[in-house]
Structures are given as C-alpha cells and as structure tokens.
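Q: What follows is work_12.pdb; its format and atoms are PDB, C-alpha atoms, pLDDT in the B column.
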MODEL        1
ATOM      1  CA  MET A   1     143.239 199.602 100.897  1.00 70.00           C
ATOM      2  CA  ASP A   2     144.957 201.871  98.386  1.00 85.00           C
ATOM      3  CA  ARG A   3     144.862 201.581  94.590  1.00 88.00           C
ATOM      4  CA  VAL A   4     148.380 200.210  94.291  1.00 91.00           C
ATOM      5  CA  ALA A   5     147.638 197.371  96.713  1.00 91.00           C
ATOM      6  CA  LEU A   6     144.345 196.607  94.950  1.00 92.00           C
ATOM      7  CA  ALA A   7     146.083 196.545  91.572  1.00 94.00           C
ATOM      8  CA  ASP A   8     148.668 194.135  92.985  1.00 95.00           C
ATOM      9  CA  TYR A   9     145.978 191.751  94.297  1.00 96.00           C
ATOM     10  CA  ARG A  10     144.178 191.926  90.979  1.00 95.00           C
ATOM     11  CA  ALA A  11     147.334 191.156  89.007  1.00 96.00           C
ATOM     12  CA  ARG A  12     148.156 188.237  91.321  1.00 96.00           C
ATOM     13  CA  ALA A  13     144.653 186.783  90.861  1.00 97.00           C
ATOM     14  CA  LEU A  14     145.082 186.876  87.085  1.00 97.00           C
ATOM     15  CA  ARG A  15     148.548 185.341  87.370  1.00 97.00           C
ATOM     16  CA  TRP A  16     147.102 182.548  89.543  1.00 97.00           C
ATOM     17  CA  ALA A  17     144.491 181.764  86.882  1.00 98.00           C
ATOM     18  CA  TYR A  18     147.129 181.642  84.174  1.00 97.00           C
ATOM     19  CA  ASP A  19     149.494 179.490  86.237  1.00 97.00           C
ATOM     20  CA  VAL A  20     146.921 176.994  87.510  1.00 97.00           C
ATOM     21  CA  LEU A  21     145.769 176.264  83.956  1.00 97.00           C
ATOM     22  CA  GLN A  22     149.311 175.241  82.973  1.00 95.00           C
ATOM     23  CA  GLY A  23     149.325 172.006  84.969  1.00 92.00           C
ATOM     24  CA  PRO A  24     147.094 168.974  85.329  1.00 93.00           C
ATOM     25  CA  LEU A  25     143.842 170.008  86.958  1.00 95.00           C
ATOM     26  CA  VAL A  26     140.229 169.172  87.542  1.00 97.00           C
ATOM     27  CA  VAL A  27     137.311 171.384  88.476  1.00 98.00           C
ATOM     28  CA  LEU A  28     134.960 170.015  91.117  1.00 98.00           C
ATOM     29  CA  ASP A  29     131.543 171.046  92.368  1.00 98.00           C
ATOM     30  CA  THR A  30     129.066 169.471  94.761  1.00 97.00           C
ATOM     31  CA  GLU A  31     125.410 169.847  95.634  1.00 97.00           C
ATOM     32  CA  THR A  32     124.515 168.975  99.210  1.00 97.00           C
ATOM     33  CA  THR A  33     121.739 168.191 101.666  1.00 97.00           C
ATOM     34  CA  GLY A  34     122.332 171.582 103.291  1.00 96.00           C
ATOM     35  CA  LEU A  35     125.045 173.809 104.714  1.00 95.00           C
ATOM     36  CA  GLY A  36     125.440 172.428 108.229  1.00 95.00           C
ATOM     37  CA  GLN A  37     127.981 170.302 110.058  1.00 95.00           C
ATOM     38  CA  ARG A  38     126.092 167.038 109.426  1.00 96.00           C
ATOM     39  CA  ASP A  39     125.109 167.666 105.807  1.00 97.00           C
ATOM     40  CA  GLN A  40     126.390 165.528 102.960  1.00 98.00           C
ATOM     41  CA  VAL A  41     126.987 165.470  99.225  1.00 98.00           C
ATOM     42  CA  VAL A  42     124.041 164.517  96.978  1.00 98.00           C
ATOM     43  CA  GLN A  43     125.719 165.279  93.645  1.00 98.00           C
ATOM     44  CA  VAL A  44     129.354 165.581  92.599  1.00 98.00           C
ATOM     45  CA  ALA A  45     130.842 166.609  89.268  1.00 98.00           C
ATOM     46  CA  VAL A  46     134.494 166.611  88.257  1.00 98.00           C
ATOM     47  CA  ILE A  47     135.506 167.943  84.851  1.00 98.00           C
ATOM     48  CA  ASP A  48     138.786 168.188  82.990  1.00 97.00           C
ATOM     49  CA  GLN A  49     140.382 171.287  81.422  1.00 95.00           C
ATOM     50  CA  THR A  50     138.124 171.029  78.377  1.00 96.00           C
ATOM     51  CA  GLY A  51     134.918 170.904  80.434  1.00 96.00           C
ATOM     52  CA  GLU A  52     134.339 167.211  79.802  1.00 97.00           C
ATOM     53  CA  PRO A  53     132.984 165.252  82.776  1.00 98.00           C
ATOM     54  CA  LEU A  54     135.381 162.800  84.366  1.00 98.00           C
ATOM     55  CA  LEU A  55     132.784 161.969  87.004  1.00 98.00           C
ATOM     56  CA  LEU A  56     129.155 162.995  87.403  1.00 98.00           C
ATOM     57  CA  ARG A  57     127.158 161.188  90.078  1.00 98.00           C
ATOM     58  CA  LEU A  58     124.090 161.574  92.185  1.00 98.00           C
ATOM     59  CA  VAL A  59     124.700 160.255  95.701  1.00 98.00           C
ATOM     60  CA  LYS A  60     122.148 158.902  98.162  1.00 98.00           C
ATOM     61  CA  PRO A  61     122.875 160.565 101.539  1.00 97.00           C
ATOM     62  CA  THR A  62     122.335 159.144 105.025  1.00 96.00           C
ATOM     63  CA  VAL A  63     120.630 162.380 106.156  1.00 97.00           C
ATOM     64  CA  PRO A  64     117.529 164.067 104.699  1.00 96.00           C
ATOM     65  CA  ILE A  65     117.887 166.659 101.957  1.00 96.00           C
ATOM     66  CA  GLY A  66     116.896 169.987 103.434  1.00 94.00           C
ATOM     67  CA  TRP A  67     113.998 171.845 101.861  1.00 94.00           C
ATOM     68  CA  ASP A  68     116.091 174.989 101.330  1.00 94.00           C
ATOM     69  CA  ALA A  69     118.843 173.009  99.600  1.00 93.00           C
ATOM     70  CA  SER A  70     116.370 171.133  97.429  1.00 94.00           C
ATOM     71  CA  ARG A  71     114.734 174.410  96.424  1.00 93.00           C
ATOM     72  CA  VAL A  72     118.124 175.650  95.152  1.00 92.00           C
ATOM     73  CA  HIS A  73     119.426 172.592  93.292  1.00 95.00           C
ATOM     74  CA  GLY A  74     116.215 170.676  92.604  1.00 93.00           C
ATOM     75  CA  ILE A  75     117.493 167.382  94.003  1.00 96.00           C
ATOM     76  CA  THR A  76     114.961 165.564  96.188  1.00 94.00           C
ATOM     77  CA  ALA A  77     114.801 162.259  98.040  1.00 95.00           C
ATOM     78  CA  ASP A  78     113.041 160.814  94.973  1.00 95.00           C
ATOM     79  CA  THR A  79     115.890 162.010  92.729  1.00 96.00           C
ATOM     80  CA  VAL A  80     118.498 160.069  94.731  1.00 97.00           C
ATOM     81  CA  ARG A  81     116.328 157.081  95.715  1.00 96.00           C
ATOM     82  CA  ASP A  82     118.217 154.702  93.385  1.00 97.00           C
ATOM     83  CA  ALA A  83     121.547 156.570  93.462  1.00 98.00           C
ATOM     84  CA  PRO A  84     124.622 154.865  94.901  1.00 98.00           C
ATOM     85  CA  ALA A  85     125.738 155.552  98.445  1.00 98.00           C
ATOM     86  CA  PHE A  86     128.950 157.541  98.764  1.00 98.00           C
ATOM     87  CA  PRO A  87     131.238 154.514  99.339  1.00 98.00           C
ATOM     88  CA  GLU A  88     130.308 153.315  95.835  1.00 97.00           C
ATOM     89  CA  VAL A  89     131.497 156.636  94.361  1.00 97.00           C
ATOM     90  CA  TYR A  90     134.469 157.226  96.668  1.00 96.00           C
ATOM     91  CA  ALA A  91     137.156 155.176  94.875  1.00 95.00           C
ATOM     92  CA  GLU A  92     136.296 156.607  91.459  1.00 95.00           C
ATOM     93  CA  LEU A  93     136.281 160.138  92.871  1.00 96.00           C
ATOM     94  CA  ALA A  94     139.631 159.637  94.603  1.00 93.00           C
ATOM     95  CA  ASP A  95     141.058 158.290  91.349  1.00 93.00           C
ATOM     96  CA  VAL A  96     140.006 161.271  89.184  1.00 94.00           C
ATOM     97  CA  LEU A  97     141.358 163.732  91.784  1.00 93.00           C
ATOM     98  CA  LYS A  98     144.716 161.989  92.234  1.00 91.00           C
ATOM     99  CA  GLY A  99     147.747 163.919  91.043  1.00 89.00           C
ATOM    100  CA  ARG A 100     145.820 166.964  89.858  1.00 92.00           C
ATOM    101  CA  ALA A 101     145.179 170.430  91.177  1.00 93.00           C
ATOM    102  CA  ILE A 102     141.539 170.714  92.285  1.00 97.00           C
ATOM    103  CA  ILE A 103     139.758 173.966  91.530  1.00 98.00           C
ATOM    104  CA  ALA A 104     136.406 174.715  93.133  1.00 98.00           C
ATOM    105  CA  TYR A 105     134.297 177.808  93.635  1.00 98.00           C
ATOM    106  CA  ASN A 106     134.296 177.981  97.438  1.00 97.00           C
ATOM    107  CA  ALA A 107     136.793 175.160  97.808  1.00 97.00           C
ATOM    108  CA  ASP A 108     136.568 175.119 101.609  1.00 95.00           C
ATOM    109  CA  PHE A 109     132.850 174.328 101.409  1.00 97.00           C
ATOM    110  CA  ASP A 110     133.189 171.548  98.813  1.00 97.00           C
ATOM    111  CA  ARG A 111     136.117 169.972 100.651  1.00 96.00           C
ATOM    112  CA  ARG A 112     134.249 170.167 103.978  1.00 96.00           C
ATOM    113  CA  MET A 113     131.135 168.550 102.492  1.00 97.00           C
ATOM    114  CA  LEU A 114     133.143 165.756 100.888  1.00 97.00           C
ATOM    115  CA  ASN A 115     134.938 165.109 104.166  1.00 96.00           C
ATOM    116  CA  GLN A 116     131.699 165.193 106.184  1.00 97.00           C
ATOM    117  CA  THR A 117     130.315 162.609 103.772  1.00 98.00           C
ATOM    118  CA  CYS A 118     133.492 160.540 104.168  1.00 97.00           C
ATOM    119  CA  ALA A 119     133.116 160.728 107.949  1.00 96.00           C
ATOM    120  CA  ALA A 120     129.555 159.389 107.755  1.00 96.00           C
ATOM    121  CA  TYR A 121     131.024 156.181 106.287  1.00 96.00           C
ATOM    122  CA  GLN A 122     134.369 156.119 108.147  1.00 96.00           C
ATOM    123  CA  LEU A 123     136.236 156.714 104.865  1.00 96.00           C
ATOM    124  CA  ALA A 124     139.607 158.468 104.654  1.00 92.00           C
ATOM    125  CA  ARG A 125     139.382 162.238 104.197  1.00 90.00           C
ATOM    126  CA  PHE A 126     140.295 163.855 100.912  1.00 81.00           C
ATOM    127  CA  PRO A 127     143.680 165.580 100.923  1.00 75.00           C
ATOM    128  CA  ALA A 128     143.949 169.214 102.008  1.00 70.00           C
ATOM    129  CA  ALA A 129     146.055 170.069  98.984  1.00 68.00           C
ATOM    130  CA  PRO A 130     146.334 170.924  96.190  1.00 90.00           C
ATOM    131  CA  TRP A 131     142.923 172.638  96.333  1.00 95.00           C
ATOM    132  CA  HIS A 132     142.484 176.080  94.724  1.00 97.00           C
ATOM    133  CA  CYS A 133     139.579 178.389  95.463  1.00 98.00           C
ATOM    134  CA  ALA A 134     138.355 180.301  92.412  1.00 98.00           C
ATOM    135  CA  MET A 135     135.930 182.245  94.621  1.00 98.00           C
ATOM    136  CA  LEU A 136     138.713 183.735  96.767  1.00 98.00           C
ATOM    137  CA  ARG A 137     140.832 184.514  93.715  1.00 98.00           C
ATOM    138  CA  PHE A 138     137.925 186.201  91.958  1.00 98.00           C
ATOM    139  CA  ALA A 139     137.250 188.227  95.118  1.00 98.00           C
ATOM    140  CA  GLU A 140     140.833 189.528  94.902  1.00 97.00           C
ATOM    141  CA  TYR A 141     140.356 190.352  91.237  1.00 97.00           C
ATOM    142  CA  TYR A 142     137.028 192.093  91.854  1.00 97.00           C
ATOM    143  CA  GLY A 143     138.554 194.067  94.694  1.00 95.00           C
ATOM    144  CA  GLN A 144     135.550 194.920  96.871  1.00 94.00           C
ATOM    145  CA  TRP A 145     136.819 195.110 100.446  1.00 91.00           C
ATOM    146  CA  ASN A 146     134.638 193.793 103.263  1.00 91.00           C
ATOM    147  CA  ARG A 147     135.641 195.853 106.298  1.00 90.00           C
ATOM    148  CA  ALA A 148     133.694 193.716 108.768  1.00 91.00           C
ATOM    149  CA  ARG A 149     135.548 190.543 107.726  1.00 88.00           C
ATOM    150  CA  GLN A 150     138.805 192.299 106.820  1.00 89.00           C
ATOM    151  CA  SER A 151     138.970 190.450 103.525  1.00 93.00           C
ATOM    152  CA  PHE A 152     137.748 190.775  99.979  1.00 96.00           C
ATOM    153  CA  ALA A 153     133.992 190.322  99.582  1.00 96.00           C
ATOM    154  CA  TRP A 154     132.916 187.015  98.107  1.00 96.00           C
ATOM    155  CA  GLN A 155     130.780 187.101  94.984  1.00 96.00           C
ATOM    156  CA  LYS A 156     128.239 184.511  93.873  1.00 96.00           C
ATOM    157  CA  LEU A 157     129.458 182.361  90.989  1.00 96.00           C
ATOM    158  CA  SER A 158     126.791 183.696  88.624  1.00 95.00           C
ATOM    159  CA  ALA A 159     127.698 187.312  89.504  1.00 95.00           C
ATOM    160  CA  ALA A 160     131.420 186.644  89.056  1.00 97.00           C
ATOM    161  CA  CYS A 161     130.796 185.079  85.657  1.00 97.00           C
ATOM    162  CA  ALA A 162     128.537 187.939  84.566  1.00 95.00           C
ATOM    163  CA  ARG A 163     131.202 190.440  85.603  1.00 95.00           C
ATOM    164  CA  VAL A 164     133.730 188.980  83.138  1.00 96.00           C
ATOM    165  CA  GLY A 165     131.272 188.024  80.387  1.00 95.00           C
ATOM    166  CA  VAL A 166     130.925 184.286  81.042  1.00 95.00           C
ATOM    167  CA  ALA A 167     127.410 183.067  80.207  1.00 89.00           C
ATOM    168  CA  PRO A 168     125.572 181.031  82.869  1.00 85.00           C
ATOM    169  CA  GLU A 169     125.135 177.299  82.297  1.00 79.00           C
ATOM    170  CA  GLY A 170     123.080 174.922  84.414  1.00 74.00           C
ATOM    171  CA  THR A 171     123.371 177.084  87.505  1.00 75.00           C
ATOM    172  CA  HIS A 172     123.045 175.125  90.764  1.00 81.00           C
ATOM    173  CA  SER A 173     123.827 171.790  89.197  1.00 93.00           C
ATOM    174  CA  ALA A 174     127.229 170.331  90.015  1.00 96.00           C
ATOM    175  CA  LEU A 175     128.147 169.981  86.326  1.00 97.00           C
ATOM    176  CA  GLY A 176     126.882 173.422  85.334  1.00 96.00           C
ATOM    177  CA  ASP A 177     128.661 175.126  88.229  1.00 96.00           C
ATOM    178  CA  ALA A 178     131.903 173.239  87.540  1.00 97.00           C
ATOM    179  CA  ARG A 179     131.811 174.342  83.905  1.00 97.00           C
ATOM    180  CA  MET A 180     131.069 177.947  84.871  1.00 97.00           C
ATOM    181  CA  THR A 181     133.985 177.865  87.322  1.00 98.00           C
ATOM    182  CA  LEU A 182     136.318 176.552  84.623  1.00 98.00           C
ATOM    183  CA  ARG A 183     135.215 179.242  82.169  1.00 98.00           C
ATOM    184  CA  LEU A 184     135.648 181.916  84.842  1.00 98.00           C
ATOM    185  CA  VAL A 185     139.232 180.795  85.531  1.00 98.00           C
ATOM    186  CA  GLN A 186     139.933 180.611  81.794  1.00 98.00           C
ATOM    187  CA  ARG A 187     138.598 184.137  81.345  1.00 97.00           C
ATOM    188  CA  LEU A 188     140.772 185.459  84.174  1.00 98.00           C
ATOM    189  CA  ALA A 189     143.778 183.758  82.556  1.00 97.00           C
ATOM    190  CA  GLU A 190     142.935 185.471  79.248  1.00 96.00           C
ATOM    191  CA  LEU A 191     143.085 188.812  81.063  1.00 95.00           C
ATOM    192  CA  TYR A 192     146.571 188.082  82.385  1.00 94.00           C
ATOM    193  CA  THR A 193     149.153 190.309  80.687  1.00 84.00           C
ATOM    194  CA  GLY A 194     152.341 188.744  82.031  1.00 76.00           C
ATOM    195  CA  GLU A 195     152.735 191.239  84.865  1.00 63.00           C
ATOM    196  CA  ALA A 196     152.897 190.354  88.589  1.00 53.00           C
TER     197      ALA A 196
ENDMDL
END
Rewrite the structure from the file as structure tokens, please.

A:
Amino acid sequence: MDRVALADYRARALRWAYDVLQGPLVVLDTETTGLGQRDQVVQVAVIDQTGEPLLLRLVKPTVPIGWDASRVHGITADTVRDAPAFPEVYAELADVLKGRAIIAYNADFDRRMLNQTCAAYQLARFPAAPWHCAMLRFAEYYGQWNRARQSFAWQKLSAACARVGVAPEGTHSALGDARMTLRLVQRLAELYTGEA
C-alpha cells in the first residue's frame, strides 16, 4: 500500500473517532470464560462518554471458566459463585445499550460473546448495529499492513494506548479496558485536524 493510501486510511480513522464522539454512545467490554464457540461472558462493563459506569456486573456462566482465561482476567469460579446469571443482567444491559452507538475494542468478539451467552438462555440476540470497533479503526490509524490477512494488523489495546500516550488502567478488567478504549478514541479524536 502506498503512502497516499495509508495517509487516507489514517485520516479516516481520526475522522471516525471525532464523529463517533459527537453522538450518544457507550463503551462496552467483556471478560469471558474463554475464546471458543461455547464460551460466555463472566464480566461486562458499559461506560458513558465521561468514563462513568452505567453497568458493571460479574456474571455466573453455565460453562466452566477456562484456566487460560482466568489467568488473564483473574476471574475464577469462586469470584462468580454468588454473581447473577445472565438473564438477571440482560434487561439492564439491553436498556443501557438502547439508542446509543456501542464502541468496543474488538467489537466482533464482544458481540459474539454476548450473543453466545444469550443463546445459552434462549434470549434475543443483541442488535448487529450500531457497533463500532475501535481496534479496527486504530489498526487503520497505525497503518501496519498484514499481507497474509490482506488487512491492517490488529494491535493489543495496551499497545495501541501506549502508542498514543494513553496510560493503562485496570488492564484485563472489563471496566479498565472500557475506560482505556474510551481514552484511546478520545485521543484519536484530538488528533483529528478536520481533514478527510
């Protein structure tokens, strides 16, 4: 990809950040039992544009929490023993998401995990839109091309934040990651110059 095309992607990523912050939005993050097709949400955080939590819940899953997942986020079966099951959180979660753009870092993953958890209880899926993926937009801004995948290379949230000077906060907790995602998007919006 040539420099002009890269500059255009970068400018569009900054414009996206600026534009998405103009409307009603929430930032969402989940922690899960694992990464597979049967895994479920064990923690969900939704924050507003100021970083204040609108919802922060542990969730007791119907499947075991994988050792690898627990090692990353620190949530164990003991942690969620007295937590509500997902149906007890579902209505409140649907309410805080309603009518707002949803930003997530790796939105496809968070949406998939929420919908897998819904499926475990025969609950209606969460809407496909309006979700925004900060990870894909940052990848465009960063501009490292992955030839094998024919797309921009994804960066870890902590690496993306470090790249633009956003300090880490509570990494690998749903609330900490949601706040880091918000600050990353805000920083990209600050870099927007009105071009693109």

Q: As a PyMOL selection string, please: the residues near segment 104-114 of chain A (cut-off 9 Å, all atoms listed in the file, same-chain neighbours under 5 positions excluded).

A: chain A and resi 26-32+35-41+119+125-128+131-136+157+177-178+181-182

Q: Which one of A:Leu191, A:Leu14, A:Leu6, A:Ala45 sits closest to Ala174 of chain A if you count only C-alpha atoms?

A: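 Of all the options, A:Ala45 lies closest to Ala174 of chain A.
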
Q: Can you tell me which residues surround Tyr121 of chain A at a distance of at most 8 Å, considering all atoms listed in the file, apart from same-chain residues fewer than 4 positions away, and format the answer as an NGL selection string?

A: :A and (86-87 or 117)

Q: Counting all atoms listed in the file, which residue out of A:Pro168, A:Pro61, A:Pro84, A:Pro53 sits closest to Cys118 of chain A?

A: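 Answer, going by the shortest atom-to-atom distance: A:Pro61.
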
Q: What is the distance between atom CA of Ala69 of chain A and atom CA of Ala153 of chain A, in Å to one decimal?

A: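 Computing it gives 23.0 Å between the two atoms.
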
Q: Put a box with edges along x, y and z around all the listed atoms of segment 145-154 of chain A, pad it by 8 Å on each side, then give me its centre and sizes in Å, one decimal, as lines of an AutoDock Vina configuration file.

A:
center_x = 135.9
center_y = 191.4
center_z = 103.4
size_x = 22.1
size_y = 24.8
size_z = 26.7

Q: Tell me which residues come within 10 Å of (138.9, 182.9, 84.2), as a VMD selection string, counting only C-alpha atoms in the file's coordinates.

A: chain A and resid 13 to 14 16 to 18 21 134 137 to 138 160 to 161 164 to 166 180 to 192

Q: Carefully work through the PyMOL selection byres ((chain A and resi 49) around 7) for this structure and note down the residues it includes, as a ChimeraX atom specification.

A: /A:25-26,47-48,50-51

Q: Residues within 9 Å of Lys60 of chain A, please, as a list in words. Count all atoms listed in the file; anything in the same chain fewer than 6 positions from it doesn't count.

A: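 The residues satisfying every condition are Val41, Val42, Gln43, Ala77, Thr79, Val80, Arg81, Asp82, Ala83, Pro84, Ala85 and Phe86 of chain A.
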
Q: Point out the residue among A:Gly170, A:Ile65, A:Ala139, A:Val4 with the least atom-to-atom distance to Asp78 of chain A, counting only C-alpha atoms.

A: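 So, comparing all the options, the nearest one is A:Ile65.
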
Q: Mind pulling up the distance from atom CA of Ile103 of chain A to atom CA of His73 of chain A?

A: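 It comes out at 20.5 Å.
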
Q: What is the atom CA of Ala7 of chain A-atom CA of Tyr141 of chain A distance in Å, reported with one decimal?

A: 8.4 Å

Q: Return the single residue from A:Gly74, A:Gly23, A:Gly34, A:Gly66 that is closest to His172 of chain A, with distances computed using all atoms listed in the file.

A: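 Checking each candidate against His172 of chain A, we get A:Gly74 as the closest.
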
Q: Neighbours of Glu52 of chain A within 10 Å (all atoms listed in the file; same-chain residues fewer than 6 positions away dropped), as a list in words?

A: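 These residues fall inside the cut-off: Val26, Val46, Leu175 and Arg179 of chain A.
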
Q: What would segment 36-53 of chain A look like with N, CA and C atoms in place, written as a compact mmCIF listing (two decimals), in the frame of the given file?

A:
# COMPACT_ATOMS: atom_id res chain seq x y z
N GLY A 36 125.02 172.66 106.86
CA GLY A 36 125.44 172.43 108.23
C GLY A 36 126.55 171.42 108.42
N GLN A 37 126.87 171.18 109.68
CA GLN A 37 127.98 170.30 110.06
C GLN A 37 127.70 168.81 109.86
N ARG A 38 126.44 168.45 109.65
CA ARG A 38 126.09 167.04 109.43
C ARG A 38 125.64 166.77 108.00
N ASP A 39 125.60 167.82 107.18
CA ASP A 39 125.11 167.67 105.81
C ASP A 39 126.11 166.92 104.95
N GLN A 40 125.60 166.40 103.82
CA GLN A 40 126.39 165.53 102.96
C GLN A 40 126.18 165.88 101.49
N VAL A 41 127.03 165.30 100.68
CA VAL A 41 126.99 165.47 99.22
C VAL A 41 125.84 164.65 98.65
N VAL A 42 125.07 165.26 97.72
CA VAL A 42 124.04 164.52 96.98
C VAL A 42 124.34 164.48 95.48
N GLN A 43 125.28 165.31 95.04
CA GLN A 43 125.72 165.28 93.64
C GLN A 43 127.15 165.79 93.60
N VAL A 44 127.98 165.14 92.79
CA VAL A 44 129.35 165.58 92.60
C VAL A 44 129.69 165.52 91.12
N ALA A 45 130.36 166.56 90.65
CA ALA A 45 130.84 166.61 89.27
C ALA A 45 132.32 166.97 89.29
N VAL A 46 133.08 166.29 88.47
CA VAL A 46 134.49 166.61 88.26
C VAL A 46 134.70 166.66 86.76
N ILE A 47 135.26 167.78 86.28
CA ILE A 47 135.51 167.94 84.85
C ILE A 47 136.99 168.17 84.60
N ASP A 48 137.40 167.93 83.36
CA ASP A 48 138.79 168.19 82.99
C ASP A 48 138.92 169.61 82.43
N GLN A 49 140.10 169.94 81.91
CA GLN A 49 140.38 171.29 81.42
C GLN A 49 139.57 171.68 80.20
N THR A 50 138.95 170.72 79.54
CA THR A 50 138.12 171.03 78.38
C THR A 50 136.65 171.15 78.74
N GLY A 51 136.31 170.86 79.99
CA GLY A 51 134.92 170.90 80.43
C GLY A 51 134.21 169.57 80.34
N GLU A 52 134.94 168.54 79.91
CA GLU A 52 134.34 167.21 79.80
C GLU A 52 134.26 166.54 81.17
N PRO A 53 133.12 165.92 81.48
CA PRO A 53 132.98 165.25 82.78
C PRO A 53 133.90 164.03 82.90
